[in-house]
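Participant: My questions will all concern the structure given below.
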Amino acid sequence: MRLSGLVCGTVAVLLLTAAGPANADPFVGAPGLDDPYYPMDGNGGYDARHYDVTIDYDPPTYQLTGTARIDAVATQALRAFNLDFAGPEVRMVSVNHQPASFDRNGEHELTVTPLLPILPGLPFTVTVDYAGEMTSTVGEGWTFAPSGGAFVAGEPHSATTWYPLNDTPLDKATFALHATVPAEWEVMSNGLRTQNTVLADKRTVSWESRRPVLGYLTTVAIDHFSFLEQWRANGTPLLSAFAPDAEHSRENEERLPEILDFAEQLYGPYPFDAGGGIYVDADIQFSLETQTRPIYSPRSDLHTVVHEIAHQWWGDAVSVRQWSDICLNECFASYTAEYLWPERMEGEDIDAQYRETIAKWYDKQRFWDIPLENPGAGFEFTSVYYRGPLFLHALRKQLGDDVFFGAIREFLGRHAYGNASMPEFRTFVQSKTRTDLTGFFDAWLNQTSPPADEYLYPGDLRL
């Protein structure tokens with residue numbers, strides 16, 4: 001995610017098997033996974049493998065009819081389990097094609113009780129039918145566009161507004177979408193477009209994400225789009241869409257192949273089989289790294305595109321374990337856009353930029369108030385943008401370019417299509433150098449005051 005107007009613009013299975021201390025029944029999956037910021041996000045007792053979502057949406061009336069099929073594997077015996085869903089009225093639920101009872105409770109809990117209990121280790125399929133009038137939740141999911149269309153964007157939550165899922169970073173799954181709309185509307189989503197058919201007055205478009213994806217990184221966008229088709233030299237298709245009042249962003253998006261090449265040089269091969277962008281004209285305050293095809297606000301610029309593309313490695317291919325690890329996503333995306341791109345592509349002196357930023361903010365306590373590691377619930381999207389790039393530039397100078405860039409590329413490779421944490425990052429980087437980084441990491445990541453000069457000006461940052 002990149003906020004507008006700012007300076008910078010299998011462990012999973014082990015956790016999923018735990019019923020949790022608040023759940024006394026060992027045959028009921030936990031209704032939350034105790035994330036320190038969002039303890040009721042996610043559900044225990046199963047591992048989601050694939051989502052197949054079918055929706056029919058009528059923009060003039062805001063009516064949505066949906067069917068979501070979830071393929072999963074039980075990680076414990078289950079006589080009941082939960083999905084996260086805050087969308088329209090649920091009409092029917094089935095498990096393994098047999099009717100199941102269900103109940104909606106809490107902010108986003110859909111509790112499902114199958115006709116027959118599910119044994120541990122066995123695959124099962126849940127199908128949820130739902131329908132109703134959608135409401136706009138700007139910045140938190142389903143959002144109405146000025147044109148009369150709609151799109152989905154929000155972090156850390158958004159998917160629950162339009163389909164049921166296991167909404168936790170710890171349970172990635174592949175994703176397919178089949179959307180039917182009036183024929184004059186277009187539909188964009190993640191991954192590869194596998195169908196675009198008009199029959200009478202209806203259009204049906206299908207999209208497929210073949211690599212696992214988190215809920216908040218899935219999207220659907222319905223509008224009167226115009227398109228930009230490009231291809232990378234290796235044949236990867238790039239399809240981008242522009243809402244009626246977003247054509248001014250086309251020039252930036254035309255540089256997408258160049259931006260992907262740049263990011264590959266830093267972080268290794270592009271981790272997905274398709275790419276592009278979705279440019280909306282709604283007044284949202286952020287752009288978001290929806291997987292393969294980010295959502296861009298009207299305020300986006302070239303550096304925003306670089307930021308969201310960096311997220312395809314940091315946040316999408318490698319995702320946080322908990323939301324307290326958010327620096328892994330945003331510190332790297334911000335450093336890429338605000339330091340590495342200007343340095344390598346625009347000839348900027350980023351050492352001077354670093355020193356000027358430190359001089360400007362050194363005595364301003366509010367700049368240091370929120371730690372980078374574990375910033376606190378509600379503060380995830382703050383210091384990681386404006387202080388995160390400084391931390392990474394200082395780390396780079398502490399280690400030297402060869403060690404720094406080699407380490408982060410190897411770290412991404414080791415965690416590809418999975419999860420990682422800030423403690424894991426610290427341990428891994430420490431393994432690549434004989435220099436004790438304990439004080440450096442503590443000063444930059446955990447403290448709420450400026451680091452000592454030895455950590456603030458390492459290497460050739462010293463004048």
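Ligands are numbered from 1 in the order shown, chains are lettered A, B, ... in the order of the structure tokens, and residues start at 1 in each chain.
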Neighbouring residues of Tyr62 in chain A were defined as those with any atom within 6 Å, considering only C-alpha atoms; residues of the same chain fewer than 2 positions away were excluded. Please report them as a JSON list (two decimals) with all heavy atoms, in the first residue's frame.
Facilitator:
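And here is the file that came out, result-v6.json:
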```
[["chain", "number", "residue", "atom", "x", "y", "z"],
["A", 58, "ASP", "N", -25.04, -6.15, -10.69],
["A", 58, "ASP", "CA", -25.77, -5.18, -11.49],
["A", 58, "ASP", "C", -25.46, -3.78, -10.95],
["A", 58, "ASP", "O", -25.99, -3.40, -9.90],
["A", 58, "ASP", "CB", -27.27, -5.46, -11.42],
["A", 58, "ASP", "CG", -28.05, -4.50, -12.30],
["A", 58, "ASP", "OD1", -27.76, -4.42, -13.51],
["A", 58, "ASP", "OD2", -28.95, -3.81, -11.76],
["A", 59, "PRO", "N", -24.60, -3.02, -11.62],
["A", 59, "PRO", "CA", -24.19, -1.71, -11.08],
["A", 59, "PRO", "C", -25.34, -0.75, -10.78],
["A", 59, "PRO", "O", -25.32, -0.10, -9.72],
["A", 59, "PRO", "CB", -23.25, -1.17, -12.16],
["A", 59, "PRO", "CG", -22.69, -2.39, -12.80],
["A", 59, "PRO", "CD", -23.82, -3.37, -12.82],
["A", 60, "PRO", "N", -26.37, -0.62, -11.62],
["A", 60, "PRO", "CA", -27.42, 0.36, -11.30],
["A", 60, "PRO", "C", -28.17, 0.10, -10.00],
["A", 60, "PRO", "O", -28.59, 1.02, -9.31],
["A", 60, "PRO", "CB", -28.36, 0.27, -12.50],
["A", 60, "PRO", "CG", -27.52, -0.25, -13.61],
["A", 60, "PRO", "CD", -26.57, -1.21, -12.96],
["A", 133, "GLU", "N", -27.98, -6.43, -1.60],
["A", 133, "GLU", "CA", -27.53, -5.12, -2.07],
["A", 133, "GLU", "C", -26.21, -4.77, -1.40],
["A", 133, "GLU", "O", -26.09, -4.81, -0.18],
["A", 133, "GLU", "CB", -28.58, -4.05, -1.75],
["A", 133, "GLU", "CG", -28.22, -2.67, -2.25],
["A", 133, "GLU", "CD", -29.31, -1.65, -1.98],
["A", 133, "GLU", "OE1", -30.51, -2.02, -2.08],
["A", 133, "GLU", "OE2", -28.98, -0.49, -1.66],
["A", 134, "MET", "N", -25.22, -4.42, -2.22],
["A", 134, "MET", "CA", -23.91, -4.08, -1.69],
["A", 134, "MET", "C", -23.91, -2.67, -1.13],
["A", 134, "MET", "O", -24.65, -1.79, -1.58],
["A", 134, "MET", "CB", -22.84, -4.21, -2.78],
["A", 134, "MET", "CG", -22.71, -5.62, -3.33],
["A", 134, "MET", "SD", -22.20, -6.83, -2.08],
["A", 134, "MET", "CE", -20.47, -6.39, -1.87]]
```
Participant: How would you write, as a PyMOL selection string, the set of residues in range 106-317 of chain A that DSSP gives as strand (DSSP E or B)?
Facilitator: chain A and resi 109-113+118+123-133+140-144+150-154+165+173-182+186-189+192-199+202-213+220-223+226-231+237-242+275+278-279+286-288+295-296+314
Participant: Compile the contact shell of range 189-204 of chain A as a PyMOL selection string: residues with an atom at most 9 Å away, counting only C-alpha atoms, same-chain residues fewer than 6 positions apart removed.
Facilitator: chain A and resi 56+175-183+210-211+217-221+237+272-275+278+290-294
Participant: Only N, CA, C and O atoms, please: the residues just picked out, written as a short mmCIF file (atom, residue, chain, number, x, y, z; two decimals), in the first residue's frame.
Facilitator:
```cif
data_model
loop_
_atom_site.label_atom_id
_atom_site.label_comp_id
_atom_site.auth_asym_id
_atom_site.auth_seq_id
_atom_site.Cartn_x
_atom_site.Cartn_y
_atom_site.Cartn_z
N ASP A 56 -22.50 -12.27 -9.83
CA ASP A 56 -23.30 -11.56 -10.83
C ASP A 56 -23.65 -10.22 -10.20
O ASP A 56 -24.30 -10.17 -9.15
N PHE A 175 -6.76 -18.68 -6.43
CA PHE A 175 -8.01 -17.92 -6.50
C PHE A 175 -8.47 -17.82 -7.95
O PHE A 175 -7.67 -17.58 -8.86
N ALA A 176 -9.76 -18.03 -8.16
CA ALA A 176 -10.37 -17.83 -9.48
C ALA A 176 -11.65 -17.05 -9.30
O ALA A 176 -12.39 -17.24 -8.33
N LEU A 177 -11.92 -16.16 -10.26
CA LEU A 177 -13.12 -15.33 -10.23
C LEU A 177 -13.85 -15.44 -11.56
O LEU A 177 -13.22 -15.38 -12.63
N HIS A 178 -15.17 -15.58 -11.48
CA HIS A 178 -16.04 -15.56 -12.67
C HIS A 178 -17.10 -14.50 -12.39
O HIS A 178 -17.92 -14.66 -11.48
N ALA A 179 -17.07 -13.41 -13.14
CA ALA A 179 -17.96 -12.28 -12.87
C ALA A 179 -18.84 -12.01 -14.08
O ALA A 179 -18.35 -11.89 -15.21
N THR A 180 -20.15 -11.89 -13.84
CA THR A 180 -21.11 -11.55 -14.88
C THR A 180 -21.69 -10.17 -14.57
O THR A 180 -22.12 -9.90 -13.45
N VAL A 181 -21.66 -9.31 -15.60
CA VAL A 181 -22.14 -7.93 -15.46
C VAL A 181 -22.90 -7.57 -16.73
O VAL A 181 -22.84 -8.29 -17.74
N PRO A 182 -23.65 -6.45 -16.75
CA PRO A 182 -24.23 -6.01 -18.02
C PRO A 182 -23.14 -5.83 -19.08
O PRO A 182 -22.01 -5.45 -18.78
N ALA A 183 -23.48 -6.11 -20.32
CA ALA A 183 -22.49 -6.23 -21.39
C ALA A 183 -21.66 -4.97 -21.58
O ALA A 183 -20.52 -5.04 -22.05
N ARG A 210 -2.81 -18.34 -10.29
CA ARG A 210 -2.23 -19.68 -10.16
C ARG A 210 -1.23 -19.78 -9.02
O ARG A 210 -0.80 -20.88 -8.67
N ARG A 211 -0.81 -18.66 -8.50
CA ARG A 211 0.03 -18.65 -7.31
C ARG A 211 -0.83 -18.26 -6.11
O ARG A 211 -1.78 -17.50 -6.25
N LEU A 217 -5.33 -9.11 -0.99
CA LEU A 217 -4.64 -8.92 -2.27
C LEU A 217 -5.48 -9.37 -3.46
O LEU A 217 -5.03 -9.27 -4.60
N THR A 218 -6.70 -9.87 -3.20
CA THR A 218 -7.62 -10.17 -4.30
C THR A 218 -8.49 -8.94 -4.55
O THR A 218 -8.75 -8.14 -3.65
N THR A 219 -8.96 -8.82 -5.79
CA THR A 219 -9.81 -7.68 -6.12
C THR A 219 -10.72 -8.01 -7.27
O THR A 219 -10.49 -8.97 -8.02
N VAL A 220 -11.77 -7.22 -7.41
CA VAL A 220 -12.56 -7.17 -8.63
C VAL A 220 -12.83 -5.69 -8.88
O VAL A 220 -13.03 -4.91 -7.94
N ALA A 221 -12.79 -5.29 -10.14
CA ALA A 221 -13.08 -3.91 -10.52
C ALA A 221 -13.99 -3.92 -11.73
O ALA A 221 -13.70 -4.57 -12.74
N PRO A 237 2.34 -11.48 -20.08
CA PRO A 237 1.33 -10.50 -20.51
C PRO A 237 1.05 -9.47 -19.42
O PRO A 237 0.93 -9.81 -18.24
N PHE A 272 5.18 -13.83 -10.70
CA PHE A 272 3.85 -14.18 -11.19
C PHE A 272 3.84 -14.27 -12.72
O PHE A 272 4.79 -13.84 -13.38
N ASP A 273 2.74 -14.82 -13.25
CA ASP A 273 2.68 -15.08 -14.69
C ASP A 273 1.88 -14.04 -15.45
O ASP A 273 1.60 -14.21 -16.64
N ALA A 274 1.50 -12.96 -14.79
CA ALA A 274 0.79 -11.87 -15.45
C ALA A 274 1.00 -10.61 -14.62
O ALA A 274 1.46 -10.66 -13.48
N GLY A 275 0.69 -9.47 -15.23
CA GLY A 275 0.85 -8.21 -14.50
C GLY A 275 -0.04 -7.14 -15.08
O GLY A 275 -0.81 -7.38 -16.02
N ILE A 278 -4.74 -1.39 -12.28
CA ILE A 278 -6.13 -0.96 -12.38
C ILE A 278 -6.20 0.46 -11.84
O ILE A 278 -5.96 0.69 -10.65
N THR A 290 -2.68 -5.05 -4.88
CA THR A 290 -3.44 -6.25 -5.22
C THR A 290 -2.63 -7.10 -6.20
O THR A 290 -2.05 -6.60 -7.14
N GLN A 291 -2.59 -8.40 -5.94
CA GLN A 291 -1.58 -9.28 -6.54
C GLN A 291 -1.66 -9.30 -8.07
O GLN A 291 -2.73 -9.53 -8.63
N THR A 292 -0.55 -9.07 -8.68
CA THR A 292 -0.32 -9.00 -10.13
C THR A 292 -0.85 -7.71 -10.75
O THR A 292 -0.36 -7.28 -11.79
N ARG A 293 -1.85 -7.07 -10.14
CA ARG A 293 -2.51 -5.95 -10.81
C ARG A 293 -2.95 -4.94 -9.74
O ARG A 293 -4.10 -4.92 -9.31
N PRO A 294 -2.03 -4.06 -9.30
CA PRO A 294 -2.36 -3.12 -8.23
C PRO A 294 -3.51 -2.19 -8.59
O PRO A 294 -3.76 -1.88 -9.75
#
```
Participant: Write out as a list in words which residues come within 8 Å of range 398-405 of chain A when counting only C-alpha atoms, dropping same-chain ones fewer than 2 positions away.
Facilitator: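 Contacts, in chain order: Leu266, Ala394, Leu395, Arg396, Ala407, Ile408, Arg409, Lys432, Thr433, Pro458 and Gly459 of chain A.
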Participant: Let me make sure I understand: among A:Arg299, A:His50, A:Arg387, A:Lys360, which one has the smallest atom-to-atom distance to Pro123 in chain A if we use only C-alpha atoms?
Facilitator: A:His50
Participant: Identify, with DSSP run on backbone atoms, the residues in range 42-291 of chain A assigned to alpha helix (DSSP H), and express the list as a ChimeraX atom specification.
Facilitator: /A:250-253,256-267
Participant: How would the residues just chosen look if you wrote them out with N, CA and C atoms as a PDB file, in the first residue's frame?
Facilitator:
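See selection_15.pdb below for the written result:
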```pdb
ATOM      1  N   ARG A 250      -1.922   6.842 -17.934  1.00  0.00           N
ATOM      2  CA  ARG A 250      -1.475   5.880 -18.942  1.00  0.00           C
ATOM      3  C   ARG A 250       0.036   5.970 -19.179  1.00  0.00           C
ATOM      4  N   GLU A 251       0.568   7.178 -19.190  1.00  0.00           N
ATOM      5  CA  GLU A 251       1.996   7.354 -19.477  1.00  0.00           C
ATOM      6  C   GLU A 251       2.866   6.638 -18.442  1.00  0.00           C
ATOM      7  N   ASN A 252       2.485   6.719 -17.157  1.00  0.00           N
ATOM      8  CA  ASN A 252       3.235   6.010 -16.120  1.00  0.00           C
ATOM      9  C   ASN A 252       3.151   4.503 -16.311  1.00  0.00           C
ATOM     10  N   GLU A 253       1.956   4.021 -16.639  1.00  0.00           N
ATOM     11  CA  GLU A 253       1.767   2.570 -16.778  1.00  0.00           C
ATOM     12  C   GLU A 253       2.495   2.028 -18.006  1.00  0.00           C
ATOM     13  N   LEU A 256       5.659   0.174 -17.259  1.00  0.00           N
ATOM     14  CA  LEU A 256       5.608  -1.023 -16.420  1.00  0.00           C
ATOM     15  C   LEU A 256       6.657  -2.061 -16.810  1.00  0.00           C
ATOM     16  N   PRO A 257       6.860  -2.382 -18.095  1.00  0.00           N
ATOM     17  CA  PRO A 257       7.921  -3.359 -18.407  1.00  0.00           C
ATOM     18  C   PRO A 257       9.288  -2.933 -17.880  1.00  0.00           C
ATOM     19  N   GLU A 258       9.604  -1.653 -17.992  1.00  0.00           N
ATOM     20  CA  GLU A 258      10.868  -1.122 -17.486  1.00  0.00           C
ATOM     21  C   GLU A 258      10.946  -1.246 -15.962  1.00  0.00           C
ATOM     22  N   ILE A 259       9.844  -0.969 -15.277  1.00  0.00           N
ATOM     23  CA  ILE A 259       9.821  -1.050 -13.815  1.00  0.00           C
ATOM     24  C   ILE A 259       9.986  -2.495 -13.356  1.00  0.00           C
ATOM     25  N   LEU A 260       9.356  -3.412 -14.037  1.00  0.00           N
ATOM     26  CA  LEU A 260       9.508  -4.833 -13.693  1.00  0.00           C
ATOM     27  C   LEU A 260      10.942  -5.290 -13.915  1.00  0.00           C
ATOM     28  N   ASP A 261      11.568  -4.868 -14.984  1.00  0.00           N
ATOM     29  CA  ASP A 261      12.968  -5.213 -15.230  1.00  0.00           C
ATOM     30  C   ASP A 261      13.853  -4.677 -14.106  1.00  0.00           C
ATOM     31  N   PHE A 262      13.588  -3.438 -13.700  1.00  0.00           N
ATOM     32  CA  PHE A 262      14.343  -2.815 -12.612  1.00  0.00           C
ATOM     33  C   PHE A 262      14.202  -3.618 -11.317  1.00  0.00           C
ATOM     34  N   ALA A 263      12.970  -3.969 -10.960  1.00  0.00           N
ATOM     35  CA  ALA A 263      12.735  -4.708  -9.723  1.00  0.00           C
ATOM     36  C   ALA A 263      13.350  -6.105  -9.776  1.00  0.00           C
ATOM     37  N   GLU A 264      13.315  -6.729 -10.923  1.00  0.00           N
ATOM     38  CA  GLU A 264      13.940  -8.048 -11.075  1.00  0.00           C
ATOM     39  C   GLU A 264      15.432  -7.996 -10.787  1.00  0.00           C
ATOM     40  N   GLN A 265      16.085  -6.942 -11.216  1.00  0.00           N
ATOM     41  CA  GLN A 265      17.520  -6.813 -10.960  1.00  0.00           C
ATOM     42  C   GLN A 265      17.816  -6.761  -9.466  1.00  0.00           C
ATOM     43  N   LEU A 266      16.887  -6.235  -8.701  1.00  0.00           N
ATOM     44  CA  LEU A 266      17.062  -6.139  -7.259  1.00  0.00           C
ATOM     45  C   LEU A 266      16.670  -7.414  -6.532  1.00  0.00           C
ATOM     46  N   TYR A 267      15.533  -7.992  -6.917  1.00  0.00           N
ATOM     47  CA  TYR A 267      14.868  -8.978  -6.081  1.00  0.00           C
ATOM     48  C   TYR A 267      14.702 -10.357  -6.710  1.00  0.00           C
TER      49      TYR A 267
END
```
Participant: Range 225-234 of chain A: which residues within 7 Å, counting only C-alpha atoms, same-chain residues fewer than 2 positions away excluded, as a list of chain:residue names?
Facilitator: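 Skipping anything fewer than 2 positions along the chain leaves A:Glu186, A:Asp223, A:Thr236, A:Pro237, A:Leu238, A:Leu239, A:Ser240, A:Ala241, A:Phe242, A:Ala243, A:Pro244, A:Pro257.
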Participant: Using only C-alpha atoms, I'd like a table of the residues in range 116-213 of chain A that come within 12 Å of range 75-89 of chain A; for each, show the closest atom pair and its distance in Å rounded to one decimal, ordered by chain and ascending number, as a Markdown table.
Facilitator:
```
| residue | atom | partner | partner_atom | distance |
| --- | --- | --- | --- | --- |
| A:Leu116 | CA | A:Arg79 | CA | 7.2 |
| A:Pro117 | CA | A:Arg79 | CA | 4.4 |
| A:Ile118 | CA | A:Leu78 | CA | 5.0 |
| A:Leu119 | CA | A:Ala77 | CA | 4.7 |
| A:Pro120 | CA | A:Gln76 | CA | 4.3 |
| A:Gly121 | CA | A:Thr75 | CA | 5.7 |
| A:Leu122 | CA | A:Thr75 | CA | 8.1 |
| A:Pro123 | CA | A:Thr75 | CA | 9.5 |
| A:Phe124 | CA | A:Leu78 | CA | 10.9 |
| A:Val126 | CA | A:Leu83 | CA | 9.8 |
| A:Thr127 | CA | A:Leu83 | CA | 11.1 |
| A:Val128 | CA | A:Leu83 | CA | 10.0 |
| A:Asp129 | CA | A:Glu89 | CA | 8.7 |
| A:Tyr130 | CA | A:Glu89 | CA | 5.5 |
| A:Ala131 | CA | A:Pro88 | CA | 5.4 |
| A:Gly132 | CA | A:Pro88 | CA | 5.0 |
| A:Glu133 | CA | A:Pro88 | CA | 6.9 |
| A:Met134 | CA | A:Pro88 | CA | 6.9 |
| A:Thr135 | CA | A:Gly87 | CA | 9.0 |
| A:Ser136 | CA | A:Gly87 | CA | 11.0 |
| A:Thr137 | CA | A:Gly87 | CA | 10.8 |
| A:Glu140 | CA | A:Ala86 | CA | 11.3 |
| A:Gly141 | CA | A:Gly87 | CA | 10.0 |
| A:Trp142 | CA | A:Gly87 | CA | 9.3 |
| A:His157 | CA | A:Asp84 | CA | 10.4 |
| A:Ser158 | CA | A:Ala86 | CA | 9.5 |
| A:Ala159 | CA | A:Phe85 | CA | 8.1 |
| A:Thr160 | CA | A:Phe85 | CA | 4.5 |
| A:Thr161 | CA | A:Gly87 | CA | 4.4 |
| A:Trp162 | CA | A:Gly87 | CA | 5.3 |
| A:Tyr163 | CA | A:Phe85 | CA | 6.4 |
| A:Pro164 | CA | A:Phe85 | CA | 4.6 |
| A:Leu165 | CA | A:Asp84 | CA | 5.3 |
| A:Asn166 | CA | A:Leu83 | CA | 5.6 |
| A:Asp167 | CA | A:Asp84 | CA | 6.0 |
| A:Thr168 | CA | A:Asp84 | CA | 9.3 |
```
